[in-house]
Amino acid sequence: MPVPELSPRWRKVARDLWIHRARTVIVVLAIAIGIVGAGSVLATWAIVRDVVDRGYVASTPASGTITVDAVTPALLAVLRADPALGSVAAGRTVAARARGAGGWIGVRLFAREDLADGRIGRLRLEAGEWPVADDAIVIERSSLDLAPAGVGESLFVAVGEGAPVPLRVSGVARDVGLAPGWMEHVVYAFVTPAALARLGAGGHLDEIRFVTRDPALARDSIRRVASGLVAAIASSGGRVRDVDVPVPGKHIHADQMNSLLYTQAGFGILALILSALLALNLVEAMLAGQVREIAVMKAVGARPAQVAAMYLGVAGIMGVMASAIAIPASAAIGKAYAGFTAGMLNFDASTASVPVWVIVVQLAVGAVLPMLAAAVPVWRGSRLSVSAALRDFGVSARPEGTGWLTRLGGVSRPVLLSVRNAFRRRGRMARTLLTLAMGGAVFLGALNLKAGIRSAMDRTFDAMAYDLTLGIAPGVPVDSLEAALARVPGVRGAEAWSAASGVLVGAEGTWGSSLGLTGVPVGTRLVAIQPTSGRWLADGASREMVVSARQAEDEPALALGNTVTLRIGEVTSEWTIVGIAAGVLGSAWVSREALAAVTGDPGATRAAVDFAEDDVAAQATTRERVHAALSATPTQWGLTPLVGGLRVTSSRVADTRASIEDHLLMVAEFLSVMGWLMLVVGGLALASTMSLAVLERTREIGVLRAIGARHGAIHLVVQGEGLAVAVASWALAIPLSAPMGIVLGNAFGRIFFKTPVAIAPQWSGVAVWLGVVVVVSLLACAWPAVRATRVSARTALAYE
Amino acid sequence: MPLISLDHVARTFDTPAGPFTALRDVSLDIERGEFVTVIGQSGSGKSTLLGLLAGIDHPTSGTVHVAGTAVHTLSERAMSAWRGTAVGIVFQFFQLLPTLTALENVMLPMDFCGTFAARERRQRARQLLERVGVADQAHKLPHTLSGGQQQRVAIARALANEPPVLLADEPTGNLDSRTSAEVLALFDGLVREGQTLVMATHAPAARAYASRVVSLADGVVIGDEVHARA
């Protein structure tokens, strides 16, 4: 079949683009960058949503978990007979530690009746085989890098102060219901109940995980089912310690991830819109330069719609070319970023691909957006009066309101000319300036956000004047523990705390969310939390509670001034919320004394230790000494060595901070990249604008040459004009970065801290950005300036 | 009924110096097959008159009928469509599109107006270029052609849609005398084939070819002579 011949008008369009190919390439690249910015976020979002939705549902997450003293076969049989339940499984979670080359690392062991049973919280085995032997351990994939041993090697695991027991790493599994181990700085691992017994932790299981028969039940309905189970367990002689019912079918971090991607998508779209403005600049300049040609086309019969189609076609063709470049790039970036984002949710996106609809959307947006941007000038241009156009010489020689610049004193003529030139095409200049300024505002906004995140983390962690937290089981006398810790060399101070888990009890007696409670002395020296609303604990005997803003948002009952009912063990008690603290840490603060009064156990199960030294190596040594001190004196606590001594786990505050901060900063870094992308778009806009300016002013440049202007002076005029725009954009970026910072601070703060992050201007960043825009301006104007110096007086003055 | 009829036509422009009347109370009828030259000094209103006939301008008052159409009543959009098939325009500075070859420039009006089947346009454009004597330049871009060759291509373009009226505004104003004579001879040949031609000109030689000479001064018709053509 013969290829249809291109009609003359479309040949004209193609040749116009080709003749101005340098300019075309600049605009195409700029649009491509805009599409990459928005397209990569869209691709990420599509992949992550798909992977999370399909992966999480496929794992059959538990509808709820009930913790009891011990799960017996009889109890399981009772529950499995419950018609409301689809499946029931028993498990247990045990805190342990593993010995590595650099000391001990925290381990969380998950024991299940049958690890291969995929009916609840399916594990996906990525290496090794089911079933798992009793002397073996399977590492959760996200903690593999943290684990001191790889597949086939032995991992030395200790529970409490028991002796380390070697367990062979027999495989790697993924549990999408867990936050990544690398993020939590803990090794997740799966073992059989018999393996727990080998570790001296007893082989019993204490968690009942269940899935309701009706998969569509809402959280409240599941809570009612759980309350029924609690009653059944009690009537079977079991004792319930905790009930946890998560939001059904929704990954715990899904909202955060969506909010994050929406924010990033906003900036991607902004970059795209700014890049489309370049297409507008180019088409507008073409229209201005081809006034006479448009008139001639209309004189020979072209209708306005035909003329408009040609110039919209220019914009559309550039958009399609840009899409062709951008789509593979955005797919690659989107896939990589989706891998990172899915990894933060502990999902695997390595085999996922970008959905076709994402590619279609990018292609459509790439083609349509430049046409939309160019629509108004094209509409005006196509309605040009033929007689007026044939009388006029096309490009206006009339400067647009630059009279005030003529009154500037003490400035050299070339510099004055540069500044005046910059203001001559105000619409085009405004768009170029806006593009550069938005890049600056996003860059500065991201910089300010990073400082804000650090400052928020400082506020959170400065309130914790300790370096190490200890988990101790069973509880030990407060005074003895504090005395023992105080004797350890390298410990400046220590406080014995207590910890318990409470369950919020609803008005109808239903069991609600679990709440971790940390009991501290009211006059604690190691915690200096300033609640953002309400106050700190005042009375050791009163059941007062300070909760985090995150907890208050997740559980509306925990509002300031509310009194809530908590079931702690077998005891139900009333607690009043007296303060809400900003921060990311999950435990509620109560008086140690009041907590002991409720639980009836005055023993300390937690401790905070302040090291004398800041040096990391010295702190590691002191940490070892703390473990050794608590391990060496079991009898001191009234325990016999036969019991196995104390089970002590520890975690460094610095590790907790690093794991949170690293990820927040990584996300903020992505925004910086958006700022850099916009800068590139801005630089291309400036290059395109200056190249148009040189083309339009060929005659003027010829006049300058005719009256004796040298290469240097012409160069200075062009570079000076670019610098005037760049410096103006820098000045505009500073105030623009303020609302940008507020938007970012609100979005990020609400996602990660549940309160806005206070944004502080980073003046060093402002200075850096000035340097950056000056360099970008010099680079962007280099070629237009060279072109200008090549204009000869003879050809320029003959130009028409 | 005359092919072209102007009745009490006036055209006034708003200029920064105040209103300027380029044509005042002009009435003129032109029959099919006439070769009319409009002469007068610069600013006499020749180009304005041609603009009104070409439908690229509206009269301030009066009526303009060309080939049975009341041009003065047409909107800008309707005039574009009408102009493409009703009149062919030849400009002083040729006004060929610089990025299209001679052949493509001639095909352009057919493309815009959808006249002739798409596959016939190239053939017709080639025939027109042969008719005006520049077929050998068909694939060249305008800037590589001489002034006379460009004007011949422009005439071919003006004839592309077989318009009943050919309008030429100072077609020899940018040509040397030898080339001017060639272009006038070409027009003469077209008129002999039945084409109606209205030409604004300063060139005294043009009078020899015209069947009628209309003289303008300060926007007023001051003479209208019918000549016997050689």
# chains A, B, ... in the order shown; residues from 1 in each chain; ligands from 1

$ closest_atom_pairs --of "chain A" --to "chain B" --cutoff "8 Å" --atoms "only C-alpha atoms" --output "CSV"
residue,atom,partner,partner_atom,distance
A:Ser7,CA,B:Asp111,CA,6.8
A:Pro8,CA,B:Glu104,CA,5.6
A:Arg9,CA,B:Leu108,CA,6.7
A:Arg11,CA,B:Leu100,CA,7.4
A:Lys12,CA,B:Thr99,CA,6.0
A:Arg15,CA,B:Thr99,CA,6.3
A:Asp16,CA,B:Thr99,CA,7.0
A:Glu293,CA,B:Leu97,CA,6.3
A:Val296,CA,B:Gln95,CA,6.7
A:Met297,CA,B:Pro109,CA,7.9
A:Lys298,CA,B:Ser80,CA,6.0
A:Ala299,CA,B:Arg83,CA,6.8
A:Val300,CA,B:Gly84,CA,5.0
A:Gly301,CA,B:Gly84,CA,3.4
A:Ala302,CA,B:Phe112,CA,5.1
A:Arg303,CA,B:Ser80,CA,5.3
A:Pro304,CA,B:Arg77,CA,6.5
A:Gln306,CA,B:Phe112,CA,7.4
A:Arg383,CA,B:Glu76,CA,8.0
A:Ser385,CA,B:Ile56,CA,7.5
A:Val386,CA,B:Ile56,CA,5.6
A:Ser387,CA,B:Ile56,CA,5.5

$ write_last_selection --atoms "C-alpha atoms" --output "PDB file, in the first residue's frame"
ATOM      1  CA  SER A   7       0.143  17.628   2.360  1.00  0.00           C
ATOM      2  CA  PRO A   8       2.008  20.899   1.776  1.00  0.00           C
ATOM      3  CA  ARG A   9       0.778  22.496   4.985  1.00  0.00           C
ATOM      4  CA  ARG A  11       5.308  19.645   5.179  1.00  0.00           C
ATOM      5  CA  LYS A  12       5.600  23.267   6.197  1.00  0.00           C
ATOM      6  CA  ARG A  15      10.197  21.831   7.948  1.00  0.00           C
ATOM      7  CA  ASP A  16       9.599  24.693  10.379  1.00  0.00           C
ATOM      8  CA  GLU A 293       3.204  33.713   6.306  1.00  0.00           C
ATOM      9  CA  VAL A 296      -0.415  34.719   2.979  1.00  0.00           C
ATOM     10  CA  MET A 297      -1.870  31.321   3.837  1.00  0.00           C
ATOM     11  CA  LYS A 298      -5.149  32.970   4.679  1.00  0.00           C
ATOM     12  CA  ALA A 299      -4.944  35.041   1.510  1.00  0.00           C
ATOM     13  CA  VAL A 300      -4.713  31.859  -0.563  1.00  0.00           C
ATOM     14  CA  GLY A 301      -7.678  30.311   1.203  1.00  0.00           C
ATOM     15  CA  ALA A 302      -6.615  28.916   4.584  1.00  0.00           C
ATOM     16  CA  ARG A 303      -9.409  29.031   7.131  1.00  0.00           C
ATOM     17  CA  PRO A 304      -8.572  30.063  10.728  1.00  0.00           C
ATOM     18  CA  GLN A 306      -6.675  25.161   9.393  1.00  0.00           C
ATOM     19  CA  ARG A 383      -7.674  35.030  13.590  1.00  0.00           C
ATOM     20  CA  SER A 385      -6.435  40.141  10.016  1.00  0.00           C
ATOM     21  CA  VAL A 386      -4.823  39.517   6.619  1.00  0.00           C
ATOM     22  CA  SER A 387      -4.751  43.160   5.659  1.00  0.00           C
TER      23      SER A 387
END

$ select_by_dssp --residues "chain B" --states "helix (DSSP H, G or I)" --output "PyMOL selection string"
chain B and resi 46-54+71-73+76-86+102-113+118-132+135-137+142-144+147-159+177-192+204-208

$ residues_around --residues "B:Ala206" --least-positions-apart "3" --cutoff "9 Å" --atoms "only C-alpha atoms" --output "short mmCIF file (atom, residue, chain, number, x, y, z; two decimals) with C-alpha atoms, in the first residue's frame"
data_model
loop_
_atom_site.label_atom_id
_atom_site.label_comp_id
_atom_site.auth_asym_id
_atom_site.auth_seq_id
_atom_site.Cartn_x
_atom_site.Cartn_y
_atom_site.Cartn_z
CA THR B 37 -5.02 48.30 -14.41
CA ALA B 181 7.74 42.70 -19.40
CA LEU B 184 3.02 41.39 -18.07
CA MET B 199 -3.78 44.92 -11.41
CA THR B 201 0.58 49.23 -10.78
CA HIS B 202 2.94 52.10 -11.19
CA ALA B 203 4.42 50.61 -14.35
CA TYR B 209 -1.66 45.40 -22.00
CA ALA B 210 -4.77 46.70 -20.22
#

$ residues_around --residues "A:Val694" --least-positions-apart "6" --cutoff "9 Å" --atoms "only C-alpha atoms" --output "list of chain:residue names"
A:Ile701, A:Val718, A:Pro784, A:Ala785, A:Arg787, A:Ala788

$ residues_around --residues "B:Gly40" --least-positions-apart "4" --cutoff "8 Å" --atoms "only C-alpha atoms" --output "PyMOL selection string"
chain B and resi 44-46+201-202+215-217

$ write_last_selection --atoms "C-alpha atoms" --output "short mmCIF file (atom, residue, chain, number, x, y, z; two decimals), in the first residue's frame"
data_model
loop_
_atom_site.label_atom_id
_atom_site.label_comp_id
_atom_site.auth_asym_id
_atom_site.auth_seq_id
_atom_site.Cartn_x
_atom_site.Cartn_y
_atom_site.Cartn_z
CA SER B 44 -3.80 56.91 -3.81
CA GLY B 45 -5.78 53.88 -2.57
CA LYS B 46 -4.80 51.22 -5.19
CA THR B 201 0.58 49.23 -10.78
CA HIS B 202 2.94 52.10 -11.19
CA SER B 215 -6.94 56.17 -12.24
CA LEU B 216 -7.06 56.91 -8.53
CA ALA B 217 -5.92 59.99 -6.63
#

$ atom_distance --atom1 "atom CA of A:Val48" --atom2 "atom CA of A:Gly249"
15.5 Å

$ select_by_dssp --residues "stretch 32-190 of chain B" --states "strand (DSSP E or B)" --output "VMD selection string"
chain B and resid 35 to 39 61 to 66 69 to 70 87 to 90 165 to 169

$ residues_around --residues "stretch 487-499 of chain A" --least-positions-apart "3" --cutoff "8 Å" --atoms "only C-alpha atoms" --output "NGL selection string"
:A and (478-479 or 481-484 or 516-521 or 524 or 526 or 592 or 595-596 or 603-613 or 618-619 or 622 or 625-626 or 629)

$ atom_distance --atom1 "atom CA of A:Ala581" --atom2 "atom CA of A:Val245"
24.7 Å

$ closest_residue --among "A:Ala295, A:Met545, A:Leu79, A:Ala234" --to "A:Thr563" --atoms "only C-alpha atoms"
A:Met545

$ residues_around --residues "B:Leu129" --least-positions-apart "3" --cutoff "9 Å" --atoms "only C-alpha atoms" --output "number ranges by chain"
B: 102-103, 106, 124-126, 132-138, 152-153, 155-157

$ atom_distance --atom1 "atom CA of A:Asp467" --atom2 "atom CA of A:Ser533"
26.4 Å
